[in-house]
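Okay, structure first, notes after.
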Amino acid sequence: MDESIVMDLRASKSGAGVLRIAAVIGLVAVIWYMFLSGWLKATPGSVMTQRQNVLFNSDMNIWLDRMVGNAVSPEKAVHPLEIAFWRPPVRAVQHLLEFVMPATYAGIFAARLVVAIVHGGGVGFLAFLALRVGVKLPQCILLFIIYLLFTSNATASLPEHFGISNGLLSVAFVAPIFLADAAVRTGFLVIMVVLCGGTTITNALYPVAALWQYFFKSMRARLMVLAVAAPLAIVVAVFLYMKSYVIHHFVNDYSTFRLLHDPVRAVVYGVYTFLSPAVGPTPRIMREPGWDMVSYEPAHDVLRFSYYLGLQAIGAIAWFVLLFTCLAKAIRDETARLYVWLPLGWVLFSAVFHNIWGDELLLFSPHWSWALMALVILGARELSINFVAAAFVPIVVSQIYTFLKIKTALETITR
């Protein structure tokens, strides 16, 4: 990597003022996520806290049982260090809150707050990057309003691991850009491998990919490492599949292999990967006594482009124009180009992975929604305020409409 380009990006805009603005945006994000999780009924006594699979297949109530209660996770192979990392801070915040509210309320509020802080911290890091690469403040504010209204935040704001993963991956993307010392950067990414992978095992792949890009300077070295590491990774994956009941269960029960047996449908899911985290369509409601659910894929039904007929189609088109305009500008920009490949590769990997495995695309979308925003940031510094505002209006109107539809659907589920 050309260090002069790296230094140019670091020096493009600096100062304590940028840090303060980014901190304010991060704080606004924390407040917003707290509001959103409460608005979506992550509150004591609600159906959301009493059973799983109420909203987009979320297991929020099970996560609460592990963090606030003493439930043992049967999914250690998939979330190996989740309890070790996140139960202690949730418990600490809960104990503090018990001085001012009942224990039942304090536990759920604490879980929501910890998730909101980690998730909002990731927003703050992305805002810092945006301002440092030269995105003007008015454009930055409009873009981050869009980001806070991403439909993926319907699951990321809930007290579960998705918002945490989103925040960690955001930090794993932004921080290495500004770490000048190679040893410090490598050490940081190793820590992020443990944090991201300990929370959700597949998310270790992003900081591993970042290590691969930053540590090995030449393409030849990278290809040699990839040629050795890929077969080893396959061997390890097969071994875990054969030896771990949990991984065997997850692979067998949630694999679709859509990419192989239904490539036309896989294209729909691929487009949704870029689209639905930002502007989702109106959700469906699965009606089954005792298991009613708000979903885009109820009873394992498939996603369709026709779900976007109506207002959200306008917002979806505006989002695509904004995203791919920024992507094109970032690729043409010699300064930003080096940083495009990791988030773009992560979104493309997610599109392939979730055409092989997974049963509710939106549920998992916080794992890569940050990367979509990163691509916008990297190409947004030359955008005029008129262009951003023209995209902002239909996107935000559609996003608000979608959230209202999600809320209306959720209100119909009472048990």
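Residues in the structure tokens are named by chain (A, B, ... in the order shown) and by number from 1 within that chain; ligands are numbered from 1 in the order shown.
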
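The protein and nucleic acid residues lying at most 8 Å from segment 343-347 of chain A are Phe173, Tyr206, Thr273, Phe274, Trp368, Ala371, Leu372, Ala374 and Leu375 of chain A, with only C-alpha atoms considered and sequence neighbours fewer than 6 positions away removed.
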
Output of the above residues as an mmCIF file, in the first residue's frame, restricted to C-alpha atoms:
```cif
data_model
loop_
_atom_site.group_PDB
_atom_site.id
_atom_site.type_symbol
_atom_site.label_atom_id
_atom_site.label_comp_id
_atom_site.auth_asym_id
_atom_site.auth_seq_id
_atom_site.Cartn_x
_atom_site.Cartn_y
_atom_site.Cartn_z
ATOM 1 C CA PHE A 173 -12.946 -0.743 9.142
ATOM 2 C CA TYR A 206 -13.644 -9.251 8.017
ATOM 3 C CA THR A 273 -28.298 -7.378 -0.128
ATOM 4 C CA PHE A 274 -27.453 -3.909 -1.473
ATOM 5 C CA TRP A 368 -22.863 -5.574 6.265
ATOM 6 C CA ALA A 371 -20.153 -1.435 4.656
ATOM 7 C CA LEU A 372 -22.830 0.095 2.427
ATOM 8 C CA ALA A 374 -18.728 3.112 4.189
ATOM 9 C CA LEU A 375 -18.928 2.963 0.391
#
```

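Around Ser157 of chain A, within 9 Å and counting only C-alpha atoms, the residues found are Trp32, Tyr33, Met34, Phe35, Leu36, Ser37, Arg112, Val115, Ala116, His119, Ser152, Asn153, Phe162 and Gly163 of chain A, once anything fewer than 4 positions away on its own chain is removed.
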
request  = Find the residues near segment 384-393 of chain A: any atom within 9 Å, counting only C-alpha atoms, skip ones fewer than 4 places away on the same chain, and give them as an MDAnalysis selection string.
outcome  = chainID A and resid 136 138:139 142:143 145:146 315 318:319 321:322 380 397:398

Selection from above, N, CA, C and O atoms, as a short mmCIF file (atom, residue, chain, number, x, y, z; two decimals), in the first residue's frame, can you write it?
```cif
data_model
loop_
_atom_site.label_atom_id
_atom_site.label_comp_id
_atom_site.auth_asym_id
_atom_site.auth_seq_id
_atom_site.Cartn_x
_atom_site.Cartn_y
_atom_site.Cartn_z
N LYS A 136 -18.45 17.39 3.43
CA LYS A 136 -18.86 18.64 4.08
C LYS A 136 -19.96 18.36 5.10
O LYS A 136 -20.76 17.43 4.95
N PRO A 138 -22.93 19.73 6.02
CA PRO A 138 -24.34 19.57 5.64
C PRO A 138 -24.62 18.24 4.95
O PRO A 138 -25.61 17.57 5.25
N GLN A 139 -23.74 17.85 4.00
CA GLN A 139 -23.90 16.56 3.34
C GLN A 139 -23.77 15.41 4.34
O GLN A 139 -24.52 14.44 4.30
N LEU A 142 -26.99 14.94 6.38
CA LEU A 142 -28.05 14.29 5.60
C LEU A 142 -27.75 12.80 5.41
O LEU A 142 -28.65 11.95 5.54
N LEU A 143 -26.51 12.47 5.12
CA LEU A 143 -26.14 11.07 4.90
C LEU A 143 -26.32 10.24 6.16
O LEU A 143 -26.77 9.08 6.10
N ILE A 145 -28.40 10.89 8.66
CA ILE A 145 -29.83 10.72 8.91
C ILE A 145 -30.34 9.51 8.12
O ILE A 145 -31.09 8.67 8.64
N ILE A 146 -29.91 9.40 6.88
CA ILE A 146 -30.27 8.23 6.07
C ILE A 146 -29.78 6.97 6.76
O ILE A 146 -30.52 5.97 6.86
N GLY A 315 -37.83 5.32 -3.24
CA GLY A 315 -36.72 5.42 -2.31
C GLY A 315 -35.61 4.45 -2.64
O GLY A 315 -34.42 4.78 -2.51
N ALA A 318 -33.63 5.83 -5.55
CA ALA A 318 -32.80 6.95 -5.09
C ALA A 318 -31.59 6.43 -4.31
O ALA A 318 -30.47 6.95 -4.46
N TRP A 319 -31.78 5.40 -3.48
CA TRP A 319 -30.67 4.82 -2.74
C TRP A 319 -29.64 4.21 -3.69
O TRP A 319 -28.43 4.39 -3.51
N VAL A 321 -29.04 5.03 -6.75
CA VAL A 321 -28.34 6.12 -7.44
C VAL A 321 -27.27 6.71 -6.53
O VAL A 321 -26.11 6.92 -6.94
N LEU A 322 -27.62 6.96 -5.27
CA LEU A 322 -26.66 7.51 -4.32
C LEU A 322 -25.49 6.54 -4.09
O LEU A 322 -24.31 6.94 -4.15
N ALA A 380 -18.34 10.34 -1.23
CA ALA A 380 -19.31 11.43 -1.09
C ALA A 380 -18.69 12.81 -1.00
O ALA A 380 -19.42 13.81 -1.04
N VAL A 397 -38.19 9.56 3.16
CA VAL A 397 -39.66 9.37 3.17
C VAL A 397 -39.98 7.88 3.09
O VAL A 397 -40.84 7.37 3.83
N SER A 398 -39.28 7.16 2.22
CA SER A 398 -39.52 5.71 2.09
C SER A 398 -39.10 4.96 3.35
O SER A 398 -39.78 4.02 3.78
#
```

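Considering the residues A:Asp181, A:Asp253, A:Glu297, A:Glu98 and counting only C-alpha atoms, Leu363 of chain A has its shortest atom-to-atom contact with A:Glu297.
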
message = Excluding Ile25 of chain A and its own-chain neighbours fewer than 5 positions away, which residues fall within 8 Å of it when counting only C-alpha atoms? Please give them as a list of chain:residue names.
response = A:Val123, A:Gly124, A:Ala127

key: All residues 12 Å or closer to Lys405 of chain A, only C-alpha atoms, same chain fewer than 2 positions away omitted, as a VMD selection string   = chain A and resid 40 151 154 280 to 285 294 to 295 311 to 312 398 to 403 407 to 412

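From atom CA of Leu223 of chain A back to atom CA of Ser165 of chain A, the distance works out to 28.1 Å.
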
Long-range neighbours of Thr104 of chain A as a list in words, 10 Å cut-off, only C-alpha atoms, 4 positions minimum in chain = Thr43, Pro44, Gly45, Val68, Gln94, Glu98, Ile108 and Phe109 of chain A

query = Hey, what does DSSP flag as helix (DSSP H, G or I) within segment 142-307 of chain A? Can you give it to me as a PyMOL selection string?
reply = chain A and resi 142-148+153-156+161-178+182-199+201-215+219-243+245-254+258-261+263-275+298-300+305-307

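The nearest approach to Ala266 of chain A among the residues A:Leu137, A:Val352, A:Ala111, A:Ala71, with only C-alpha atoms taken into account, belongs to A:Val352.
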